>>> print(open('query_18.txt').read())   # compact mmCIF, C-alpha atoms
# COMPACT_ATOMS: atom_id res chain seq x y z
CA ALA A 3 146.59 63.22 110.06
CA HIS A 4 144.76 61.52 107.19
CA ASP A 5 141.93 60.46 109.50
CA ALA A 6 141.69 63.97 110.94
CA ALA A 7 141.44 65.47 107.46
CA MET A 8 138.73 62.96 106.54
CA ASN A 9 136.80 63.82 109.70
CA ASP A 10 137.11 67.55 108.96
CA ARG A 11 135.79 67.12 105.41
CA SER A 12 132.91 64.94 106.60
CA ALA A 13 131.95 67.45 109.30
CA LEU A 14 131.95 70.30 106.79
CA ARG A 15 129.88 68.36 104.23
CA LEU A 16 127.32 67.37 106.87
CA SER A 17 127.10 70.95 108.14
CA ARG A 18 126.39 72.23 104.66
CA LEU A 19 123.77 69.53 104.20
CA LEU A 20 122.01 70.52 107.43
CA LEU A 21 122.05 74.14 106.27
CA ALA A 22 120.59 73.13 102.89
CA VAL A 23 117.72 71.18 104.47
CA GLY A 24 116.99 74.00 106.93
CA ASP A 25 117.61 72.07 110.17
CA TRP A 26 118.97 74.84 112.40
CA PRO A 27 118.84 72.98 115.77
CA ALA A 28 120.85 70.07 114.34
CA LEU A 29 123.25 72.39 112.50
CA ARG A 30 123.92 74.46 115.60
CA ARG A 31 124.43 71.41 117.81
CA HIS A 32 126.71 69.44 115.49
CA ALA A 33 128.70 72.27 113.90
CA THR A 34 129.45 73.79 117.31
CA ALA A 35 130.80 70.44 118.49
CA TRP A 36 132.79 69.93 115.30
CA LEU A 37 134.37 73.36 115.69
CA GLU A 38 136.00 72.17 118.90
CA THR A 39 137.51 69.07 117.30
CA ALA A 40 138.44 70.28 113.79
CA ALA A 41 142.17 69.82 113.23
CA ASP A 42 142.47 72.23 110.32
CA ALA A 43 142.13 76.03 110.58
CA SER A 44 140.51 76.30 107.14
CA THR A 45 137.87 73.79 108.16
CA ARG A 46 137.16 75.74 111.35
CA ASN A 47 136.76 78.93 109.34
CA ALA A 48 134.44 77.21 106.86
CA LEU A 49 132.36 75.80 109.73
CA GLU A 50 132.10 79.32 111.19
CA VAL A 51 130.75 80.52 107.83
CA VAL A 52 128.17 77.72 107.69
CA LEU A 53 127.08 78.45 111.26
CA ALA A 54 126.76 82.17 110.49
CA SER A 55 124.70 81.33 107.40
CA GLY A 56 122.43 79.19 109.55
CA ARG A 57 122.10 81.97 112.11
CA PHE A 58 121.13 84.44 109.38
CA TRP A 59 118.85 82.37 107.15
CA LEU A 60 117.38 79.83 109.57
CA ALA A 61 117.48 81.57 112.96
CA GLY A 62 116.93 85.12 111.66
CA ASP A 63 119.97 86.59 113.41
CA GLY A 64 121.15 89.70 111.54
CA GLY A 65 124.26 89.97 113.74
CA ALA A 66 125.79 87.16 111.69
CA VAL A 67 126.89 89.67 109.02
CA ASP A 68 129.06 91.72 111.38
CA ASP A 69 130.41 88.55 112.99
CA LEU A 70 131.55 87.25 109.60
CA ILE A 71 133.22 90.55 108.76
CA GLY A 72 135.04 90.40 112.10
CA LEU A 73 136.07 86.79 111.48
CA ALA A 74 137.51 87.70 108.06
CA GLU A 75 139.59 90.46 109.63
CA ARG A 76 141.10 87.99 112.12
CA ILE A 77 142.02 85.32 109.56
CA ASP A 78 145.64 85.29 108.44
CA HIS A 79 145.29 83.04 105.39
CA GLY A 80 144.37 85.04 102.29
CA VAL A 81 142.09 82.48 100.64
CA ASP A 82 140.10 81.86 103.83
CA ALA A 83 139.82 85.59 104.50
CA ARG A 84 138.51 86.21 100.98
CA SER A 85 135.96 83.39 101.13
CA THR A 86 134.72 84.57 104.53
CA THR A 87 134.46 88.16 103.30
CA ALA A 88 132.59 86.92 100.23
CA ALA A 89 130.09 85.11 102.46
CA ALA A 90 129.61 88.29 104.48
CA ALA A 91 129.10 90.23 101.23
CA ALA A 92 126.37 87.89 100.02
CA MET A 93 124.68 88.08 103.41
CA ALA A 94 124.88 91.90 103.47
CA VAL A 95 123.23 92.14 100.04
CA SER A 96 120.50 89.72 101.15
CA ALA A 97 119.98 91.92 104.21
CA GLY A 98 119.37 94.87 101.89
CA ASP A 99 122.64 96.71 102.54
CA VAL A 100 123.53 96.75 98.87
CA ARG A 101 126.34 99.28 99.11
CA LEU A 102 128.16 97.36 101.86
CA GLY A 103 127.70 94.02 100.12
CA VAL A 104 129.14 95.28 96.84
CA GLU A 105 132.09 96.92 98.60
CA LEU A 106 132.92 93.71 100.46
CA ALA A 107 132.57 91.55 97.36
CA GLU A 108 134.69 93.86 95.22
CA SER A 109 137.45 93.68 97.82
CA THR A 110 137.72 89.92 97.18
CA VAL A 111 138.05 90.13 93.39
CA GLY A 112 140.71 92.78 92.96
CA SER A 113 142.80 90.88 90.40
CA ASP A 114 141.79 89.83 86.89
CA ALA A 115 142.34 86.19 87.84
CA ALA A 116 140.06 86.47 90.86
CA ARG A 117 137.41 88.26 88.79
CA SER A 118 137.41 85.53 86.13
CA SER A 119 136.85 82.85 88.76
CA PRO A 120 135.32 84.54 91.81
CA ASP A 121 134.12 82.88 94.97
CA SER A 122 130.49 81.86 94.40
CA GLN A 123 129.33 84.03 97.30
CA ALA A 124 131.18 87.07 95.92
CA LEU A 125 129.64 86.41 92.52
CA MET A 126 126.18 86.31 94.08
CA ALA A 127 126.78 89.56 95.95
CA LEU A 128 128.06 91.33 92.85
CA ARG A 129 125.47 90.16 90.35
CA ILE A 130 122.61 91.01 92.69
CA GLY A 131 124.26 94.08 94.17
CA TYR A 132 125.11 95.64 90.82
CA ALA A 133 121.57 95.02 89.58
CA TYR A 134 119.99 96.62 92.64
CA GLN A 135 122.37 99.56 92.37
CA GLY A 136 120.73 100.21 89.00
CA ARG A 137 123.55 98.65 86.99
CA PRO A 138 122.14 95.51 85.32
CA GLU A 139 124.45 95.84 82.31
CA THR A 140 127.45 95.82 84.67
CA ALA A 141 126.05 92.69 86.34
CA LEU A 142 125.62 90.99 82.96
CA ALA A 143 129.13 91.98 81.89
CA LEU A 144 130.45 90.33 85.05
CA LEU A 145 128.53 87.12 84.36
CA ASP A 146 129.73 87.11 80.76
CA SER A 147 133.37 87.59 81.81
CA ILE A 148 133.75 84.82 84.36
CA ASP A 149 134.93 81.28 83.75
CA ILE A 150 131.51 79.70 84.24
CA ASP A 151 132.74 76.15 84.79
CA ARG A 152 135.46 77.14 87.28
CA ALA A 153 133.00 79.31 89.16
CA GLY A 154 130.58 76.38 89.39
CA ALA A 155 127.84 78.38 87.72
CA SER A 156 127.20 76.54 84.45
CA ARG A 157 123.99 74.87 85.66
CA ARG A 158 122.54 77.99 87.24
CA LEU A 159 123.55 80.73 84.82
CA ALA A 160 120.04 81.17 83.39
CA GLU A 161 118.58 81.54 86.88
CA TRP A 162 121.18 84.14 87.78
CA LYS A 163 120.77 86.11 84.58
CA LEU A 164 116.97 86.10 84.39
CA PRO A 165 116.03 89.12 86.57
CA VAL A 166 119.09 91.06 85.41
CA LEU A 167 118.24 90.51 81.74
CA ALA A 168 114.70 91.73 82.44
CA MET A 169 116.01 94.90 84.09
CA ALA A 170 118.31 95.46 81.13
CA GLY A 171 115.36 95.21 78.77
CA ARG A 172 116.71 92.24 76.80
CA VAL A 173 113.34 90.67 76.02
CA GLU A 174 114.31 87.66 73.89
CA GLU A 175 117.20 86.70 76.15
CA THR A 176 114.88 86.98 79.15
CA ARG A 177 112.41 84.59 77.54
CA ARG A 178 115.13 82.03 76.85
CA ALA A 179 116.48 82.36 80.38
CA PHE A 180 112.94 81.87 81.73
CA VAL A 181 112.62 78.49 80.00
CA GLU A 182 116.14 77.38 80.97
CA ALA A 183 115.72 78.43 84.59
CA ILE A 184 112.50 76.44 85.00
CA ALA A 185 114.06 73.36 83.39
CA GLY A 186 117.22 73.57 85.49
CA ALA A 187 115.42 74.03 88.79
CA THR A 188 112.93 71.24 88.04
CA SER A 189 115.70 68.78 87.23
CA SER A 190 117.48 69.60 90.50
CA SER A 191 114.57 68.39 92.69
CA SER A 192 115.82 70.88 95.31
CA PRO A 193 113.05 72.64 97.30
CA ASP A 194 115.45 75.49 98.10
CA ARG A 195 116.33 76.04 94.46
CA MET A 196 112.73 75.63 93.27
CA SER A 197 111.51 78.19 95.80
CA LEU A 198 114.09 80.76 94.74
CA VAL A 199 113.57 80.23 91.01
CA SER A 200 109.78 80.38 91.31
CA TYR A 201 110.08 83.50 93.44
CA THR A 202 112.47 85.14 90.97
CA LEU A 203 110.19 84.37 88.04
CA GLY A 204 107.09 85.55 89.88
CA SER A 205 108.63 88.76 91.18
CA THR A 206 110.01 89.57 87.72
CA HIS A 207 106.52 89.31 86.27
CA LEU A 208 105.21 91.38 89.18
CA ASP A 209 107.72 94.17 88.62
CA PHE A 210 106.60 94.40 85.00
CA GLY A 211 102.94 94.66 85.99
CA ARG A 212 102.00 91.15 84.84
CA VAL A 213 100.18 90.24 88.04
CA ASP A 214 98.10 87.41 86.55
CA ASP A 215 101.29 85.67 85.43
CA ALA A 216 103.08 86.40 88.71
CA ILE A 217 100.52 84.98 91.14
CA PRO A 218 100.70 81.26 90.12
CA LEU A 219 104.51 81.40 90.22
CA LEU A 220 104.48 83.00 93.66
CA ASP A 221 102.00 80.39 94.87
CA GLU A 222 104.45 77.72 93.69
CA ALA A 223 107.33 79.55 95.40
CA ALA A 224 105.39 79.57 98.67
CA ARG A 225 104.87 75.80 98.50
CA TRP A 226 108.56 75.09 97.85
CA ALA A 227 109.74 77.59 100.47
CA ARG A 228 107.71 75.79 103.14
CA LEU A 229 109.30 72.49 102.11
CA ALA A 230 112.77 74.06 102.16
CA GLY A 231 112.31 75.35 105.72
CA GLN A 232 113.58 78.81 104.76
CA PRO A 233 111.74 81.50 106.78
CA GLY A 234 113.53 84.33 104.99
CA VAL A 235 112.41 83.15 101.55
CA ARG A 236 108.91 82.42 102.85
CA ARG A 237 108.75 86.02 104.04
CA TRP A 238 109.93 87.33 100.66
CA VAL A 239 107.23 85.32 98.92
CA ALA A 240 104.47 86.42 101.32
CA LEU A 241 105.35 90.09 100.76
CA ALA A 242 105.40 89.72 96.97
CA ARG A 243 101.99 88.02 97.12
CA ALA A 244 100.73 90.85 99.31
CA TYR A 245 101.85 93.44 96.76
CA GLY A 246 100.35 91.50 93.84
CA SER A 247 97.03 91.19 95.67
CA ALA A 248 97.06 94.90 96.53
CA LEU A 249 97.66 95.84 92.89
CA ILE A 250 94.51 94.01 91.77
CA GLY A 251 92.47 95.54 94.59
CA ASP A 252 92.17 92.45 96.77
CA VAL A 253 92.81 94.25 100.04
CA PRO A 254 91.75 91.43 102.42
CA ARG A 255 94.09 88.97 100.70
CA ALA A 256 96.92 91.51 100.66
CA GLU A 257 96.48 92.13 104.39
CA SER A 258 96.40 88.37 105.01
CA TYR A 259 99.77 87.94 103.29
CA LEU A 260 101.20 90.90 105.20
CA ALA A 261 100.05 89.26 108.43
CA GLU A 262 101.68 85.99 107.32
CA ALA A 263 104.96 87.82 106.83
CA GLU A 264 104.68 89.32 110.30
CA LEU A 265 104.08 85.89 111.81
CA LEU A 266 107.31 84.67 110.21
CA GLY A 267 109.15 87.22 112.31
CA ASP A 268 111.50 90.10 111.81
CA HIS A 269 113.89 88.26 109.50
CA PRO A 270 117.12 90.09 108.54
CA ALA A 271 116.87 89.14 104.82
CA ARG A 272 115.48 92.53 103.81
CA LEU A 273 116.27 92.64 100.11
CA ASN A 274 112.98 93.15 98.24
CA GLU A 275 111.50 94.73 101.36
CA SER A 276 109.89 97.32 99.09
CA TYR A 277 107.07 94.83 98.50
CA ARG A 278 106.06 95.26 102.14
CA TRP A 279 106.09 99.05 101.96
CA ARG A 280 104.33 99.15 98.61
CA ALA A 281 101.70 96.59 99.61
CA ARG A 282 100.94 98.57 102.77
CA ALA A 283 100.75 101.81 100.78
CA TRP A 284 98.34 100.40 98.21
CA THR A 285 96.11 98.80 100.85
CA VAL A 286 95.80 101.93 103.01
CA HIS A 287 95.26 104.03 99.88
CA GLN A 288 92.39 101.78 98.83
CA ARG A 289 90.94 102.20 102.31
CA GLY A 290 91.00 105.97 101.78
CA ASP A 291 94.08 107.00 103.77
CA PHE A 292 95.90 108.75 100.93
CA GLU A 293 98.38 110.73 103.02
CA THR A 294 99.61 107.69 104.92
CA ALA A 295 100.06 105.78 101.66
CA ARG A 296 102.26 108.50 100.22
CA ALA A 297 104.20 108.95 103.48
CA LEU A 298 105.00 105.22 103.58
CA LEU A 299 106.42 105.26 100.06
CA LEU A 300 108.44 108.42 100.63
CA GLU A 301 109.96 106.97 103.81
CA ALA A 302 110.73 103.68 102.06
CA ALA A 303 112.35 105.38 99.07
CA ALA A 304 114.65 107.34 101.39
CA GLY A 305 115.69 104.18 103.22
CA PHE A 306 116.47 102.27 100.04
CA GLY A 307 118.39 105.20 98.64
CA GLY A 308 120.50 105.34 101.79
CA ALA A 309 121.43 101.67 101.36
CA GLY A 310 122.41 102.14 97.71
CA ASN A 311 119.37 100.15 96.57
CA VAL A 312 118.39 102.19 93.51
CA LEU A 313 116.06 99.54 92.07
CA GLU A 314 113.72 99.48 95.07
CA GLN A 315 114.04 103.22 95.57
CA LEU A 316 112.77 103.78 92.02
CA GLU A 317 109.96 101.24 92.42
CA CYS A 318 108.73 103.12 95.48
CA LEU A 319 108.92 106.46 93.67
CA VAL A 320 106.95 105.14 90.70
CA ASP A 321 104.24 103.87 93.04
CA LEU A 322 104.36 107.18 94.90
CA ALA A 323 103.58 108.98 91.63
CA ARG A 324 100.82 106.51 90.81
CA LEU A 325 99.20 107.14 94.20
CA GLY A 326 99.15 110.91 93.81
CA GLY A 327 102.53 111.92 95.25
CA ILE A 328 103.89 113.24 91.96
CA PRO A 329 105.69 116.36 93.30
CA ASP A 330 107.55 114.30 95.93
CA ALA A 331 108.39 111.54 93.45
CA VAL A 332 109.73 114.01 90.90
CA ARG A 333 111.79 115.82 93.52
CA GLU A 334 113.39 112.60 94.73
CA VAL A 335 114.14 111.20 91.28
CA ARG A 336 115.95 114.42 90.37
CA ARG A 337 118.42 113.66 93.16
CA LEU A 338 119.47 110.41 91.52
CA ASP A 339 122.57 110.16 89.38
CA ASP A 340 120.59 109.02 86.36
CA ALA A 341 123.75 108.86 84.23
CA ALA A 342 124.86 105.87 86.34
CA ILE A 343 121.56 103.98 85.84
CA GLU A 344 121.62 101.27 83.19
CA GLY A 345 119.07 99.15 81.34
CA GLN A 346 115.81 99.95 79.61
CA PHE A 347 113.57 99.08 82.55
CA LEU A 348 115.19 101.40 85.08
CA THR A 349 115.98 104.23 82.67
CA ALA A 350 112.37 104.15 81.48
CA GLN A 351 111.18 104.60 85.05
CA VAL A 352 113.48 107.57 85.55
CA ALA A 353 112.48 109.09 82.21
CA PHE A 354 108.79 108.67 83.02
CA LEU A 355 109.08 110.49 86.34
CA GLN A 356 111.21 113.22 84.80
CA ALA A 357 108.69 113.65 81.98
CA ILE A 358 105.85 114.05 84.48
CA GLY A 359 107.89 116.67 86.30
CA SER A 360 108.60 118.62 83.13
CA GLY A 361 104.98 118.52 82.05
CA SER A 362 105.64 116.60 78.84
CA VAL A 363 103.47 113.75 80.16
CA PRO A 364 100.07 114.67 81.62
CA GLN A 365 99.94 113.89 85.34
CA GLN A 366 96.64 112.09 84.82
CA LEU A 367 98.55 109.36 82.96
CA ALA A 368 100.70 108.57 85.96
>>> encode(input="query_18.txt", output="structure tokens")
Amino acid sequence: AHDAAMNDRSALRLSRLLLAVGDWPALRRHATAWLETAADASTRNALEVVLASGRFWLAGDGGAVDDLIGLAERIDHGVDARSTTAAAAAMAVSAGDVRLGVELAESTVGSDAARSSPDSQALMALRIGYAYQGRPETALALLDSIDIDRAGASRRLAEWKLPVLAMAGRVEETRRAFVEAIAGATSSSSPDRMSLVSYTLGSTHLDFGRVDDAIPLLDEAARWARLAGQPGVRRWVALARAYGSALIGDVPRAESYLAEAELLGDHPARLNESYRWRARAWTVHQRGDFETARALLLEAAAGFGGAGNVLEQLECLVDLARLGGIPDAVREVRRLDDAAIEGQFLTAQVAFLQAIGSGSVPQQLA
């Protein structure tokens, strides 16, 4: 029994290592074989989660989310069911289904004890999900309430807080988190972590209109993402670079990055997909097709709203107004429950669009 337990633990550790280094063929081959020999049910469940993560992130199989939800429903043991549901929640948020991801994650942290020390995947789903629902203050309150050491988050807290602090409008805290996040990721020597931190920093600058600061960080993210072997992150970075290039009027470069994203395939990690829509809108607008540009942004805003992704919905509406679709942007923003939107960044966007609609801000300033 002792030897079997040792073998199970070794198989699980090796599977997680293969996932971390992005080797999907080896992960699929070995983890599938280990599933057949694992003596412990918890180990088998954990191996299923690792395999599903590999399918989603490395093989680009969006069906992994539903498979994980189904697995959680079949598991009898409460802890295993919660951890599997948490993994599905994190995957759902990454796929852009913010509402589903938050609902799944919240179902795993019903008690005060669970909320103070949540599964790391549930914590990821909630901090990102709340922020994209337009609730950065709620996300920060969650991060401030957990037992950081028990949740295994002490070394990554700055990275997790950075974009949420920016959305909340906490300027000084954002600056401190920026420095801490860079230092923490650099010391880790992990290509996966470096790619995500560089991408987060670059996209945060991009969302605040600081394109010149964003581009070098996104270039760095692209380099690390290639080393990490993560096609989903590489696609995120390519789309952000496309949008940044489009904003400064470099249409050929923007279209090159859009083509790069297409070559990486139709990956299911669709959070931050607004960069693709917005980059396309700005490029076709600069080529003189104004109606198509506005139609793209209106369609995108509706899709993000349907998924509970208020952040990206608002970003599309702001760009819609900037590209001449003010009546449509104002109409759509009036449908939002602005009382539920938190943080200076998001509330300022709502207030700006509402002010344009009321006439208190000249439309030429949009």
>>> atom_distance(input="query_18.txt", atom1="atom CA of A:Ile358", atom2="atom CA of A:Ile343")
18.7 Å
>>> closest_residue(input="query_18.txt", among="A:Glu139, A:Asp10, A:Glu105, A:Glu174", to="A:Leu37", atoms="all atoms listed in the file")
A:Asp10
>>> atom_distance(input="query_18.txt", atom1="atom CA of A:Phe347", atom2="atom CA of A:Gly171")
5.7 Å
>>> residues_around(input="query_18.txt", residues="A:Leu260", least_positions_apart="4", cutoff="10 Å", atoms="only C-alpha atoms", output="PyMOL selection string")
chain A and resi 237+240-245+254-256+264-265+277-278+281-282
>>> closest_atom_pairs(input="query_18.txt", of="stretch 88-108 of chain A", to="stretch 57-74 of chain A", cutoff="9 Å", atoms="all atoms listed in the file", output="CSV")
residue,atom,partner,partner_atom,distance
A:Ala89,CA,A:Leu70,CA,7.6
A:Ala90,CA,A:Val67,CA,5.5
A:Ala91,CA,A:Val67,CA,8.1
A:Met93,CA,A:Val67,CA,6.2
A:Ala94,CA,A:Val67,CA,6.3
A:Ala97,CA,A:Gly64,CA,7.7
A:Leu106,CA,A:Ile71,CA,8.9
>>> atom_distance(input="query_18.txt", atom1="atom CA of A:Ala309", atom2="atom CA of A:Gln135")
9.3 Å
>>> closest_residue(input="query_18.txt", among="A:Gly307, A:Pro27, A:Pro270, A:Gly186", to="A:Arg337", atoms="all atoms listed in the file")
A:Gly307
>>> closest_residue(input="query_18.txt", among="A:Tyr134, A:Trp26, A:Phe210, A:Trp238", to="A:Phe306", atoms="all atoms listed in the file")
A:Tyr134
>>> closest_residue(input="query_18.txt", among="A:Ala261, A:Leu266, A:Phe354, A:Ser17", to="A:Arg31", atoms="only C-alpha atoms")
A:Ser17
>>> residues_around(input="query_18.txt", residues="A:His32", least_positions_apart="2", cutoff="12 Å", atoms="all atoms listed in the file", output="PyMOL selection string")
chain A and resi 12-21+25-30+34-40+49+52-53
